[in-house]
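Source file: final_36.cif (mmCIF, C-alpha atoms)
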data_my_file
#
loop_
_atom_site.label_atom_id
_atom_site.label_comp_id
_atom_site.auth_asym_id
_atom_site.auth_seq_id
_atom_site.Cartn_x
_atom_site.Cartn_y
_atom_site.Cartn_z
CA MET A 25 157.76 35.71 189.18
CA THR A 26 154.37 37.01 188.13
CA HIS A 27 153.00 39.88 190.14
CA SER A 28 149.44 41.15 190.07
CA THR A 29 147.69 44.37 190.83
CA THR A 30 143.94 44.45 190.67
CA ARG A 31 141.50 47.25 190.03
CA ARG A 32 137.74 47.09 189.78
CA ALA A 33 136.04 48.31 186.63
CA PRO A 34 132.55 49.83 186.75
CA ALA A 35 130.06 47.07 187.43
CA ARG A 36 128.01 45.91 184.44
CA LEU A 37 125.37 43.23 184.39
CA LEU A 38 126.35 40.03 182.59
CA SER A 39 123.00 38.25 182.72
CA THR A 40 122.75 38.42 178.93
CA ILE A 41 125.41 35.75 178.62
CA GLY A 42 124.12 33.64 181.48
CA LEU A 43 127.04 34.24 183.83
CA ALA A 44 126.71 35.52 187.39
CA THR A 45 129.17 37.98 188.88
CA GLY A 46 131.21 36.41 191.63
CA LEU A 47 130.37 32.84 190.60
CA ALA A 48 131.85 30.47 193.16
CA LEU A 49 134.56 28.21 191.78
CA THR A 50 133.09 24.94 192.98
CA VAL A 51 134.20 21.48 192.02
CA THR A 52 131.57 19.53 190.10
CA ALA A 53 132.40 15.90 189.51
CA CYS A 54 130.66 14.13 186.64
CA SER A 55 129.82 10.53 186.07
CA THR A 56 132.47 8.36 184.43
CA GLY A 57 130.87 4.97 184.77
CA THR A 58 132.54 2.42 187.05
CA PRO A 59 134.85 4.22 189.51
CA SER A 60 138.50 3.26 189.70
CA ALA A 61 139.99 2.02 192.94
CA ASP A 62 141.39 5.39 193.98
CA GLN A 63 138.00 7.04 193.29
CA THR A 64 136.37 4.89 195.96
CA THR A 65 138.63 6.12 198.72
CA ALA A 66 137.73 9.01 200.99
CA SER A 67 140.74 10.97 199.79
CA ALA A 68 140.12 10.36 196.08
CA ARG A 69 140.49 13.30 193.74
CA PRO A 70 137.30 14.04 191.81
CA HIS A 71 137.03 13.23 188.13
CA GLY A 72 138.47 16.11 186.12
CA TYR A 73 140.90 17.17 188.87
CA VAL A 74 143.64 19.51 187.64
CA GLU A 75 146.44 20.42 190.02
CA GLY A 76 146.39 24.10 190.94
CA ALA A 77 143.01 24.79 189.31
CA SER A 78 139.46 25.19 190.57
CA GLU A 79 136.55 23.69 188.68
CA ALA A 80 133.61 25.99 188.00
CA GLN A 81 130.01 25.57 186.93
CA GLU A 82 130.26 28.02 184.02
CA PRO A 83 132.98 29.11 181.58
CA GLN A 84 135.48 31.45 183.24
CA VAL A 85 135.72 33.88 180.35
CA ARG A 86 138.57 36.40 180.35
CA LEU A 87 140.12 38.84 177.88
CA LEU A 88 143.90 38.74 177.66
CA ALA A 89 145.80 41.60 176.03
CA VAL A 90 149.40 42.52 175.30
CA SER A 91 150.33 46.06 174.26
CA ALA A 92 152.74 47.03 171.49
CA THR A 93 155.43 47.50 174.14
CA GLY A 94 154.74 44.18 175.90
CA GLU A 95 152.56 45.31 178.81
CA THR A 96 150.23 42.42 179.63
CA ALA A 97 146.83 42.47 181.35
CA LEU A 98 143.84 40.24 181.95
CA HIS A 99 140.21 41.39 182.21
CA ASP A 100 137.78 39.02 183.93
CA LEU A 101 134.33 39.20 182.32
CA LEU A 102 132.70 37.73 185.44
CA THR A 103 134.11 40.07 188.08
CA GLU A 104 135.02 42.91 185.69
CA GLU A 105 138.40 43.17 187.42
CA SER A 106 141.62 43.77 185.50
CA THR A 107 144.95 42.24 186.54
CA GLU A 108 148.37 43.31 185.32
CA LEU A 109 150.79 40.44 184.55
CA ASP A 110 154.52 40.42 183.94
CA GLY A 111 155.56 42.14 180.74
CA VAL A 112 156.69 40.27 177.64
CA GLY A 113 158.65 41.18 174.52
CA ALA A 114 156.99 43.55 172.07
CA PRO A 115 154.66 41.31 170.02
CA GLU A 116 154.86 41.24 166.23
CA HIS A 117 152.59 38.20 165.85
CA SER A 118 150.15 36.34 168.09
CA ALA A 119 147.78 33.37 168.29
CA THR A 120 145.61 31.67 170.90
CA ASP A 121 144.13 28.23 171.60
CA GLY A 122 141.47 29.46 174.06
CA ARG A 123 143.76 29.27 177.09
CA PHE A 124 147.27 30.28 176.07
CA LEU A 125 148.17 33.43 174.17
CA VAL A 126 151.46 33.17 172.32
CA THR A 127 153.28 36.23 171.01
CA SER A 128 156.41 36.37 168.91
CA ASP A 129 158.99 38.72 167.47
CA GLY A 130 161.82 37.86 165.12
CA ASP A 131 163.80 35.89 167.69
CA ARG A 132 161.57 34.21 170.23
CA THR A 133 158.03 33.17 171.11
CA THR A 134 156.46 33.87 174.51
CA ILE A 135 153.64 31.89 176.11
CA VAL A 136 151.11 33.56 178.44
CA ASP A 137 148.64 31.42 180.40
CA GLY A 138 145.24 33.13 180.67
CA GLY A 139 144.39 30.81 183.56
CA ALA A 140 140.96 29.77 182.26
CA TRP A 141 139.96 26.95 179.93
CA THR A 142 137.27 24.45 179.00
CA VAL A 143 137.60 20.70 178.47
CA ASP A 144 134.84 19.21 176.34
CA HIS A 145 134.40 15.46 176.85
CA GLY A 146 131.45 15.23 174.48
CA ASP A 147 128.75 14.19 176.95
CA HIS A 148 129.96 16.62 179.63
CA THR A 149 132.19 19.67 179.95
CA HIS A 150 134.65 20.92 182.57
CA TYR A 151 135.36 24.61 183.24
CA TYR A 152 138.57 25.54 185.01
CA ALA A 153 140.20 28.62 186.54
CA ALA A 154 143.77 29.08 187.75
CA GLU A 155 146.27 31.86 188.28
CA PRO A 156 147.20 33.63 185.04
CA ARG A 157 150.92 34.07 184.36
CA VAL A 158 153.66 34.46 181.82
CA VAL A 159 154.94 30.90 181.40
CA GLY A 160 158.15 31.32 179.42
CA THR A 161 159.71 31.51 175.98
CA VAL A 162 160.76 29.25 173.12
CA ASP A 163 163.65 30.15 170.83
CA GLY A 164 162.59 31.17 167.34
CA GLY A 165 160.19 33.82 166.10
CA GLY A 166 158.03 34.87 163.18
CA PRO A 167 154.31 34.30 162.53
CA VAL A 168 153.13 31.60 164.93
CA GLU A 169 150.16 29.27 165.44
CA VAL A 170 149.14 27.41 168.62
CA HIS A 171 146.82 24.43 169.06
CA SER A 172 146.14 22.13 172.02
CA SER A 173 144.69 18.76 172.91
CA GLU A 174 144.27 17.66 176.53
CA THR A 175 147.88 16.43 176.63
CA MET A 176 149.82 18.37 174.00
CA THR A 177 150.26 21.95 172.82
CA THR A 178 151.88 22.62 169.46
CA LEU A 179 153.61 25.81 168.34
CA THR A 180 154.16 26.16 164.59
CA TRP A 181 156.06 28.79 162.63
CA PRO A 182 154.74 28.27 159.06
CA ASP A 183 157.20 30.64 157.38
CA ARG A 184 160.10 28.62 158.85
CA GLY A 185 158.47 25.22 158.41
CA GLU A 186 159.21 24.36 162.03
CA ALA A 187 157.05 23.23 164.93
CA VAL A 188 157.44 22.01 168.50
CA VAL A 189 155.31 19.86 170.77
CA LEU A 190 154.98 20.91 174.41
CA ASP A 191 153.68 18.92 177.37
CA ARG A 192 150.39 20.68 178.07
CA ALA A 193 150.16 19.58 181.71
CA ALA A 194 153.61 21.01 182.37
CA LEU A 195 152.68 24.18 180.51
CA GLY A 196 149.69 24.56 182.81
CA GLN A 197 152.05 24.33 185.79
CA GLY A 198 154.30 27.08 184.43
CA GLU A 199 156.96 24.94 182.73
CA VAL A 200 157.94 24.82 179.05
CA ASP A 201 158.69 21.12 178.42
CA GLU A 202 159.46 20.42 174.76
CA THR A 203 158.73 16.78 173.89
CA ALA A 204 159.22 16.78 170.11
CA ARG A 205 160.37 19.01 167.26
CA VAL A 206 158.91 18.53 163.78
CA ASP A 207 159.57 20.02 160.33
CA ALA A 208 156.05 21.13 159.36
CA THR A 209 154.07 24.16 158.19
CA VAL A 210 150.98 22.95 160.09
CA LEU A 211 151.02 20.80 163.23
CA LEU A 212 147.81 19.87 165.05
CA PRO A 213 147.47 17.64 168.15
CA VAL A 214 144.66 15.08 167.90
CA GLY A 215 144.37 12.89 170.97
CA GLU A 216 147.78 11.23 171.36
CA GLN A 217 148.74 11.80 167.71
CA LEU A 218 149.82 14.72 165.56
CA VAL A 219 148.64 15.90 162.14
CA ALA A 220 151.49 17.49 160.17
CA ALA A 221 151.71 19.24 156.82
CA GLN A 222 155.13 18.37 155.41
CA GLY A 223 155.84 19.51 151.88
CA ASP A 224 152.76 18.66 149.81
CA THR A 225 151.65 15.85 152.12
CA VAL A 226 149.58 15.70 155.30
CA ARG A 227 150.78 12.93 157.60
CA VAL A 228 149.63 11.47 160.89
CA LEU A 229 152.50 11.22 163.36
CA ASP A 230 152.83 9.73 166.80
CA ALA A 231 153.39 11.94 169.84
CA ASP A 232 157.16 11.80 169.27
CA GLY A 233 156.82 13.10 165.72
CA HIS A 234 157.30 9.80 163.88
CA PRO A 235 154.97 8.77 161.01
CA VAL A 236 152.34 6.16 161.75
CA ASP A 237 151.62 3.25 159.42
CA THR A 238 150.56 4.90 156.13
CA ALA A 239 148.77 1.70 155.11
CA ALA A 240 146.26 2.51 157.84
CA GLY A 241 145.29 5.73 156.04
CA GLY A 242 147.63 8.15 157.78
CA GLU A 243 148.78 10.10 154.71
CA GLN A 244 147.08 12.36 152.15
CA ALA A 245 148.36 14.55 149.30
CA CYS A 246 147.83 18.30 149.86
CA THR A 247 149.19 20.86 147.42
CA ASP A 248 150.52 24.04 149.06
CA PRO A 249 149.14 23.41 152.58
CA ALA A 250 148.23 26.53 154.58
CA GLY A 251 145.97 26.95 157.57
CA GLY A 252 145.05 24.36 160.19
CA ILE A 253 142.27 24.12 162.75
CA LEU A 254 140.88 21.61 165.24
CA THR A 255 137.12 20.96 165.10
CA ARG A 256 134.64 18.60 166.71
CA ALA A 257 134.56 16.60 163.46
CA GLY A 258 138.32 16.33 162.93
CA ALA A 259 141.53 18.20 162.26
CA VAL A 260 141.61 20.33 159.10
CA VAL A 261 144.52 21.36 156.89
CA GLY A 262 143.83 23.73 154.01
CA CYS A 263 145.18 22.91 150.54
CA ALA A 264 145.30 24.71 147.19
CA ASP A 265 142.20 22.90 145.93
CA GLY A 266 140.42 21.80 149.10
CA ALA A 267 141.19 20.51 152.57
CA VAL A 268 142.45 17.38 154.27
CA VAL A 269 140.37 16.17 157.22
CA VAL A 270 141.81 13.76 159.77
CA ASP A 271 139.41 12.07 162.20
CA ASP A 272 140.10 10.93 165.77
CA ALA A 273 141.15 7.49 164.51
CA GLY A 274 143.86 9.02 162.29
CA GLN A 275 141.98 8.37 159.02
CA THR A 276 142.49 11.01 156.35
CA SER A 277 140.07 12.21 153.67
CA PHE A 278 140.04 15.03 151.12
CA VAL A 279 137.28 17.59 150.60
CA ASP A 280 137.45 19.19 147.14
CA ARG A 281 136.71 22.91 147.01
CA PRO A 282 134.74 24.46 144.13
CA ASP A 283 136.99 26.58 141.94
CA ASP A 284 134.94 29.76 142.00
CA ALA A 285 136.77 32.05 144.45
CA GLU A 286 140.19 32.58 146.00
CA ARG A 287 141.26 29.89 148.47
CA PRO A 288 141.36 30.52 152.22
CA THR A 289 144.78 30.34 153.87
CA ALA A 290 143.49 30.33 157.46
CA PHE A 291 140.36 29.16 159.27
CA ALA A 292 138.53 30.39 162.35
CA ALA A 293 135.51 29.13 164.28
CA ARG A 294 133.92 29.00 167.69
CA ALA A 295 135.77 26.46 169.79
CA GLY A 296 134.80 22.86 169.17
CA ARG A 297 132.36 23.41 166.31
CA PRO A 298 132.37 21.41 163.03
CA THR A 299 131.95 24.34 160.60
CA VAL A 300 134.79 26.79 160.02
CA ALA A 301 135.21 29.98 158.00
CA GLY A 302 138.04 31.41 155.91
CA LEU A 303 138.45 34.52 153.79
CA ALA A 304 137.86 34.20 150.03
CA GLY A 305 140.06 37.09 148.95
CA ASP A 306 137.97 40.24 148.46
CA THR A 307 134.82 38.35 147.44
CA GLY A 308 133.54 37.24 150.84
CA PHE A 309 134.25 34.03 152.73
CA TRP A 310 134.21 30.26 152.55
CA LEU A 311 132.38 27.96 154.95
CA LEU A 312 133.71 24.43 155.32
CA ASP A 313 131.35 21.97 156.98
CA VAL A 314 133.84 19.38 158.18
CA ARG A 315 131.20 16.88 159.27
CA GLU A 316 129.34 17.00 155.95
CA GLY A 317 132.48 17.38 153.85
CA SER A 318 131.21 20.38 151.89
CA TRP A 319 132.29 23.93 150.98
CA ARG A 320 130.13 27.01 150.49
CA HIS A 321 131.21 30.39 149.13
CA VAL A 322 129.32 33.34 150.65
CA PRO A 323 129.76 36.74 148.93
CA THR A 324 129.74 39.94 151.00
CA GLU A 325 128.96 43.54 150.10
CA ARG A 326 132.39 44.76 151.21
CA PRO A 327 135.66 42.82 151.48
CA LEU A 328 136.39 41.34 154.90
CA ARG A 329 139.65 41.40 156.83
CA ALA A 330 138.65 38.78 159.43
CA VAL A 331 135.92 36.15 159.65
CA VAL A 332 134.83 33.58 162.26
CA ALA A 333 132.08 30.94 162.04
CA VAL A 334 129.80 30.85 165.10
CA ASP A 335 128.13 27.65 163.86
CA ASP A 336 125.07 28.17 166.06
CA GLU A 337 121.46 27.29 165.25
CA ASP A 338 121.14 30.30 162.94
CA GLU A 339 124.58 29.70 161.37
CA HIS A 340 125.86 33.19 162.17
CA VAL A 341 129.21 34.22 160.73
CA VAL A 342 130.98 37.26 162.21
CA GLY A 343 133.51 39.33 160.30
CA VAL A 344 135.26 42.68 160.25
CA ASP A 345 135.17 44.56 156.95
CA VAL A 346 137.73 46.86 155.37
CA ASP A 347 136.08 49.92 156.93
CA GLY A 348 136.35 48.56 160.50
CA ARG A 349 132.71 47.48 160.85
CA VAL A 350 131.65 44.26 162.52
CA VAL A 351 129.48 42.38 160.02
CA VAL A 352 127.14 39.52 160.95
CA VAL A 353 125.99 37.29 158.09
CA THR A 354 123.32 34.61 158.19
CA PRO A 355 124.04 32.63 155.01
CA ASP A 356 120.84 30.57 154.98
CA ASP A 357 118.52 33.53 154.56
CA GLY A 358 121.07 35.88 153.03
CA THR A 359 120.69 38.58 155.68
CA ALA A 360 123.50 40.74 156.98
CA ALA A 361 123.78 43.31 159.75
CA SER A 362 126.67 45.59 160.65
CA THR A 363 127.83 48.12 163.18
CA GLU A 364 129.24 51.55 162.52
CA PRO A 365 133.03 51.54 162.04
CA LEU A 366 134.51 50.52 165.41
CA ILE A 367 138.23 50.48 164.56
CA ASP A 368 140.33 52.38 162.05
CA ALA A 369 140.12 51.03 158.53
CA GLY A 370 143.84 50.24 158.51
CA ALA A 371 143.94 48.57 161.94
CA THR A 372 144.51 44.84 162.27
CA PRO A 373 141.19 43.27 163.38
CA LEU A 374 141.51 41.64 166.82
CA LEU A 375 138.31 39.56 166.81
CA GLN A 376 137.30 36.82 169.26
CA LEU A 377 133.95 35.19 169.95
CA ASP A 378 132.07 32.67 172.05
CA ALA A 379 128.54 31.23 171.92
CA GLN A 380 126.81 34.54 172.73
CA ARG A 381 129.14 37.44 172.05
CA ALA A 382 131.89 38.68 169.77
CA TYR A 383 134.70 40.90 171.06
CA LEU A 384 136.55 43.38 168.85
CA ALA A 385 139.52 45.11 170.46
CA ASP A 386 140.65 48.57 169.35
CA PRO A 387 144.47 48.71 169.35
CA ALA A 388 144.33 52.52 169.33
CA ASP A 389 142.87 53.05 172.81
CA GLY A 390 142.34 49.72 174.61
CA THR A 391 138.56 49.60 174.27
CA VAL A 392 136.82 46.31 173.50
CA HIS A 393 133.43 46.32 171.80
CA GLU A 394 131.15 43.49 172.90
CA ILE A 395 128.80 42.57 170.04
CA ASP A 396 125.54 40.66 170.35
CA PHE A 397 125.72 39.01 166.95
CA ALA A 398 122.27 37.38 167.33
CA ASP A 399 120.64 40.81 167.81
CA ASP A 400 121.48 42.54 164.51
CA ALA A 401 125.10 43.19 165.47
CA ARG A 402 124.11 45.30 168.47
CA VAL A 403 126.99 46.76 170.47
CA ALA A 404 126.04 45.44 173.91
CA ARG A 405 128.72 47.33 175.83
CA THR A 406 132.21 48.79 175.60
CA LEU A 407 134.93 47.55 177.95
CA GLU A 408 138.06 49.41 178.95
CA LEU A 409 141.31 47.43 179.13
CA PRO A 410 144.33 48.71 181.06
CA VAL A 411 146.51 48.30 177.94
CA ALA A 412 145.93 49.04 174.25
CA PRO A 413 146.20 45.57 172.68
CA ALA A 414 148.55 44.61 169.89
CA ALA A 415 147.73 40.98 170.75
CA PHE A 416 144.37 39.85 172.10
CA ALA A 417 142.63 36.63 173.13
CA GLU A 418 139.41 35.49 174.75
CA VAL A 419 140.33 32.65 177.09
CA GLY A 420 138.24 30.18 179.06
CA LEU A 421 136.66 28.64 175.95
#

Using the file provided, produce a representation of the structure as C-alpha cells.
Amino acid sequence: MTHSTTRRAPARLLSTIGLATGLALTVTACSTGTPSADQTTASARPHGYVEGASEAQEPQVRLLAVSATGETALHDLLTEESTELDGVGAPEHSATDGRFLVTSDGDRTTIVDGGAWTVDHGDHTHYYAAEPRVVGTVDGGGPVEVHSSETMTTLTWPDRGEAVVLDRAALGQGEVDETARVDATVLLPVGEQLVAAQGDTVRVLDADGHPVDTAAGGEQACTDPAGGILTRAGAVVGCADGAVVVDDAGQTSFVDRPDDAERPTAFAARAGRPTVAGLAGDTGFWLLDVREGSWRHVPTERPLRAVVAVDDEDEHVVGVDVDGRVVVVTPDDGTAASTEPLIDAGATPLLQLDAQRAYLADPADGTVHEIDFADDARVARTLELPVAPAAFAEVGL
C-alpha cells in the first residue's frame, strides 16, 4: 500500500506559467453535442468523468523522480509540496508517457502512476488529478519504452523484441491488466489499434495484436526500425532511411530522409505536437514534420546528448550538450542560446518540457533547473527534490 508524507517547499510564484497555487480541482464538463440518455438524468456523470480522479481547469503538472536506490518522490509544481511514495527496484532504465513513469532493471519493469494527466480531444482538453502510487510490476527488464492512448498503454523492450498491451483504465485504478503480448521492437497504441515494428516491416494490428487487412494499407516496409513516437499527425516509427507514419485511420506512408547526416534512433517532442526531434549523431539534430512529411537537419556548435522539439510558434528546440549546458535553438532564424553547464558532462541528461518551461534534473544532488526556453534559455528557478533522480518525468501533460 502506498504511503505518503508531505513537506512544504519554499513558496515560489508560478504566474509565469499561468498556473495558480492551490488551484481548486473543479469538474468542468464540455459540450459533446446531443446528450445521451444517462447524461439527461440528475445523477448523470459529467462528460470526461474518470473514476477516482478530479477534473481541473489547468494542467496538474508534477515532477516524478526515482533515485538510484529506488526511493520515489513526487513534487507538485502548483503547491510546491513533495510527497514520498513507496520505493521501487533500483532503476537501470526509464521512460514516461506523461502520466506513468516506468523503470526497469534486468529482470522486471515497474510502473509508477504520477496521478496527473491530460486528455486532448482536439476541440477541447481535460486535465485530471488523482492519487499518485506505485502500480505494480511486469516480468522482464532491459531498456523500456511506454506509450498510451485513452484505452491502452504499451510497454516495449526493443532489445528483446517484446511488448505488452495493458488496459489503461485498469492501470489508472492501480491494476496491471495485460490484454495482449506482441513480438515487436516498437509498439504504439493509436485509438483502438496498434502500430508494431516487426522485423523490417511496420504493421497495423488490432487491439489483440492481430494484423489488420494489409490490402487496406496497414503495412509498410521499414529497414532497421528504431524509435517510435505518438504525435497529433500520426504515429511515427523511425527507419534506416526515413520514417513510417500511420494516421488515425490506420493508413501507412513513408517519409524519405535526406542522406546527409546520421539517422536518429529515438524521437522526442512536446506532448501532442506534429513535429519531433532526434539526434543526428554528433552533428546536431533532425526535425521531422509529420504533418508536412518533411525532414530537416539542423547543425549545432557542440554535439548534443538529448533533444526535444517544443514545436511552438517560434519552433524552439531544446537540447543538452556534451558539456551539460541546456541549449535552445530556433532553426528558422538560426539563433541559439545556452545556459552555463548545469549537470556534469558525463551525467545522463534527464530533460522534460511543456509549453512554457524545460526541466533538467541533476542526478548528483536532486536539484531541477527550470528553464524559460523562450527567454534566451534563462534559468527561471531551481527546485529541490527529496531524492536525487536516476529516473525523472514531468507528468500531467

Would you give me, as JSON lines, each residue of segment 68-158 of chain A having an atom within 10 Å of an atom of segment 405-410 of chain A, along with its shortest atom pair and that distance in Å to one decimal, using all atoms listed in the file and sorting by chain and residue number?
{"residue": "A:Leu87", "atom": "CA", "partner": "A:Leu409", "partner_atom": "CA", "distance": 8.8}
{"residue": "A:Leu88", "atom": "CA", "partner": "A:Leu409", "partner_atom": "CA", "distance": 9.2}
{"residue": "A:Ala89", "atom": "CA", "partner": "A:Leu409", "partner_atom": "CA", "distance": 8.0}
{"residue": "A:Val90", "atom": "CA", "partner": "A:Pro410", "partner_atom": "CA", "distance": 9.9}
{"residue": "A:Ser91", "atom": "CA", "partner": "A:Pro410", "partner_atom": "CA", "distance": 9.4}
{"residue": "A:Glu95", "atom": "CA", "partner": "A:Pro410", "partner_atom": "CA", "distance": 9.2}
{"residue": "A:Thr96", "atom": "CA", "partner": "A:Pro410", "partner_atom": "CA", "distance": 8.7}
{"residue": "A:Ala97", "atom": "CA", "partner": "A:Pro410", "partner_atom": "CA", "distance": 6.7}
{"residue": "A:Leu98", "atom": "CA", "partner": "A:Leu409", "partner_atom": "CA", "distance": 8.1}
{"residue": "A:His99", "atom": "CA", "partner": "A:Leu409", "partner_atom": "CA", "distance": 6.9}
{"residue": "A:Leu101", "atom": "CA", "partner": "A:Leu407", "partner_atom": "CA", "distance": 9.4}
{"residue": "A:Glu104", "atom": "CA", "partner": "A:Leu407", "partner_atom": "CA", "distance": 9.0}
{"residue": "A:Glu105", "atom": "CA", "partner": "A:Leu409", "partner_atom": "CA", "distance": 9.8}
{"residue": "A:Ser106", "atom": "CA", "partner": "A:Pro410", "partner_atom": "CA", "distance": 7.2}
{"residue": "A:Thr107", "atom": "CA", "partner": "A:Pro410", "partner_atom": "CA", "distance": 8.5}
{"residue": "A:Glu108", "atom": "CA", "partner": "A:Pro410", "partner_atom": "CA", "distance": 8.0}

Residue contacts of Val300 of chain A (7 Å, all atoms listed in the file) excluding same-chain residues fewer than 4 positions away, as an MDAnalysis selection string: chainID A and resid 291:293 311:313 333

With distances taken over only C-alpha atoms, which of A:Thr93, A:Thr127, A:Ser277, A:Thr359 is nearest to Phe416 of chain A?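 Of all the options, A:Thr127 lies closest to Phe416 of chain A.
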
Residues near Ala412 of chain A, cut-off 6 Å, all atoms listed in the file, skip fewer than 3 positions along chain, as a list in words: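 These residues fall inside the cut-off: Ser91, Pro387, Asp389 and Gly390 of chain A.
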
Can you work out the spacing between atom CA of Cys263 of chain A and atom CA of Val346 of chain A in Å, to one decimal?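 According to the coordinates, atom CA of Cys263 of chain A and atom CA of Val346 of chain A are separated by 25.5 Å.
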
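Using all atoms listed in the file, the nearest neighbour of Gly233 of chain A within the list A:Val143, A:Leu211, A:Val158, A:Ala204 is A:Ala204.
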
Starting from the point (142.3, 18.2, 158.6), work out which residues of protein, DNA or RNA have an atom no more than 9 Å away when counting all atoms listed in the file; state them as a PyMOL selection string. chain A and resi 212+219+226+252-255+258-262+267-271+276-278+314

Tell me which residues the PyMOL selection byres ((chain A and resi 202) around 9) grabs here, as a list in words. Val188, Val189, Leu190, Asp191, Val200, Asp201, Thr203, Ala204 and Arg205 of chain A

Here's the selection I'm unsure about, the PyMOL selection byres ((chain A and resi 163-168) around 12); applied to the file above, which residues does it give, as a PyMOL selection string? chain A and resi 113-121+125-135+160-162+169-171+178-188+200+202+209-211+251-252

Evaluate the PyMOL selection byres ((chain A and resi 385) around 9) here and jot the selected residues down as a list of chain:residue names. A:Leu366, A:Ile367, A:Pro373, A:Leu374, A:Leu375, A:Gln376, A:Tyr383, A:Leu384, A:Asp386, A:Pro387, A:Ala388, A:Asp389, A:Gly390, A:Thr391, A:Val392, A:His393, A:Glu394, A:Ala412, A:Pro413, A:Phe416

Show me, as a PDB file with C-alpha atoms, in the frame of the given file, the residues that have an atom within 12 Å of Leu328 of chain A when counting only C-alpha atoms, minus same-chain residues fewer than 6 positions from it.
ATOM      1  CA  ALA A 301     135.210  29.980 158.000  1.00  0.00           C
ATOM      2  CA  GLY A 302     138.040  31.410 155.910  1.00  0.00           C
ATOM      3  CA  LEU A 303     138.450  34.520 153.790  1.00  0.00           C
ATOM      4  CA  ALA A 304     137.860  34.200 150.030  1.00  0.00           C
ATOM      5  CA  GLY A 305     140.060  37.090 148.950  1.00  0.00           C
ATOM      6  CA  ASP A 306     137.970  40.240 148.460  1.00  0.00           C
ATOM      7  CA  THR A 307     134.820  38.350 147.440  1.00  0.00           C
ATOM      8  CA  GLY A 308     133.540  37.240 150.840  1.00  0.00           C
ATOM      9  CA  PHE A 309     134.250  34.030 152.730  1.00  0.00           C
ATOM     10  CA  TRP A 310     134.210  30.260 152.550  1.00  0.00           C
ATOM     11  CA  VAL A 322     129.320  33.340 150.650  1.00  0.00           C
ATOM     12  CA  VAL A 341     129.210  34.220 160.730  1.00  0.00           C
ATOM     13  CA  VAL A 342     130.980  37.260 162.210  1.00  0.00           C
ATOM     14  CA  GLY A 343     133.510  39.330 160.300  1.00  0.00           C
ATOM     15  CA  VAL A 344     135.260  42.680 160.250  1.00  0.00           C
ATOM     16  CA  ASP A 345     135.170  44.560 156.950  1.00  0.00           C
ATOM     17  CA  VAL A 346     137.730  46.860 155.370  1.00  0.00           C
ATOM     18  CA  ASP A 347     136.080  49.920 156.930  1.00  0.00           C
ATOM     19  CA  GLY A 348     136.350  48.560 160.500  1.00  0.00           C
ATOM     20  CA  ARG A 349     132.710  47.480 160.850  1.00  0.00           C
ATOM     21  CA  VAL A 350     131.650  44.260 162.520  1.00  0.00           C
ATOM     22  CA  VAL A 351     129.480  42.380 160.020  1.00  0.00           C
ATOM     23  CA  VAL A 352     127.140  39.520 160.950  1.00  0.00           C
ATOM     24  CA  VAL A 353     125.990  37.290 158.090  1.00  0.00           C
ATOM     25  CA  ALA A 369     140.120  51.030 158.530  1.00  0.00           C
ATOM     26  CA  THR A 372     144.510  44.840 162.270  1.00  0.00           C
ATOM     27  CA  PRO A 373     141.190  43.270 163.380  1.00  0.00           C
TER      28      PRO A 373
END

Looking at all atoms listed in the file, which of A:Gly146, A:Gly196, A:Arg281, A:Thr354 is the one that sits closest to Ala257 of chain A?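 Of the candidates, the smallest distance to Ala257 of chain A is held by A:Gly146.
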
Could you tell me how far atom CA of Thr299 of chain A lies from atom CA of Leu377 of chain A, in Å and to one decimal? 14.5 Å

Quick one, how far is atom CA of Thr175 of chain A from atom CA of Glu216 of chain A?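 Spanning atom CA of Thr175 of chain A to atom CA of Glu216 of chain A is a straight-line distance of 7.4 Å.
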
Please return the centre and edge lengths, in Å to one decimal, of a box with edges along x, y and z that contains all listed atoms of segment 331-338 of chain A, widened by 3 Å on every side, as JSON.
{"center_x": 128.5, "center_y": 31.7, "center_z": 162.9, "size_x": 20.8, "size_y": 14.9, "size_z": 12.4}

For a quick check of your reading of the model, name the residues lying within 8 Å of the coordinate (133.2, 29.9, 175.7), counting all atoms listed in the file, and write them as JSON, numbers by chain. {"A": [83, 85, 142, 295, 377, 378, 379, 419, 420, 421]}
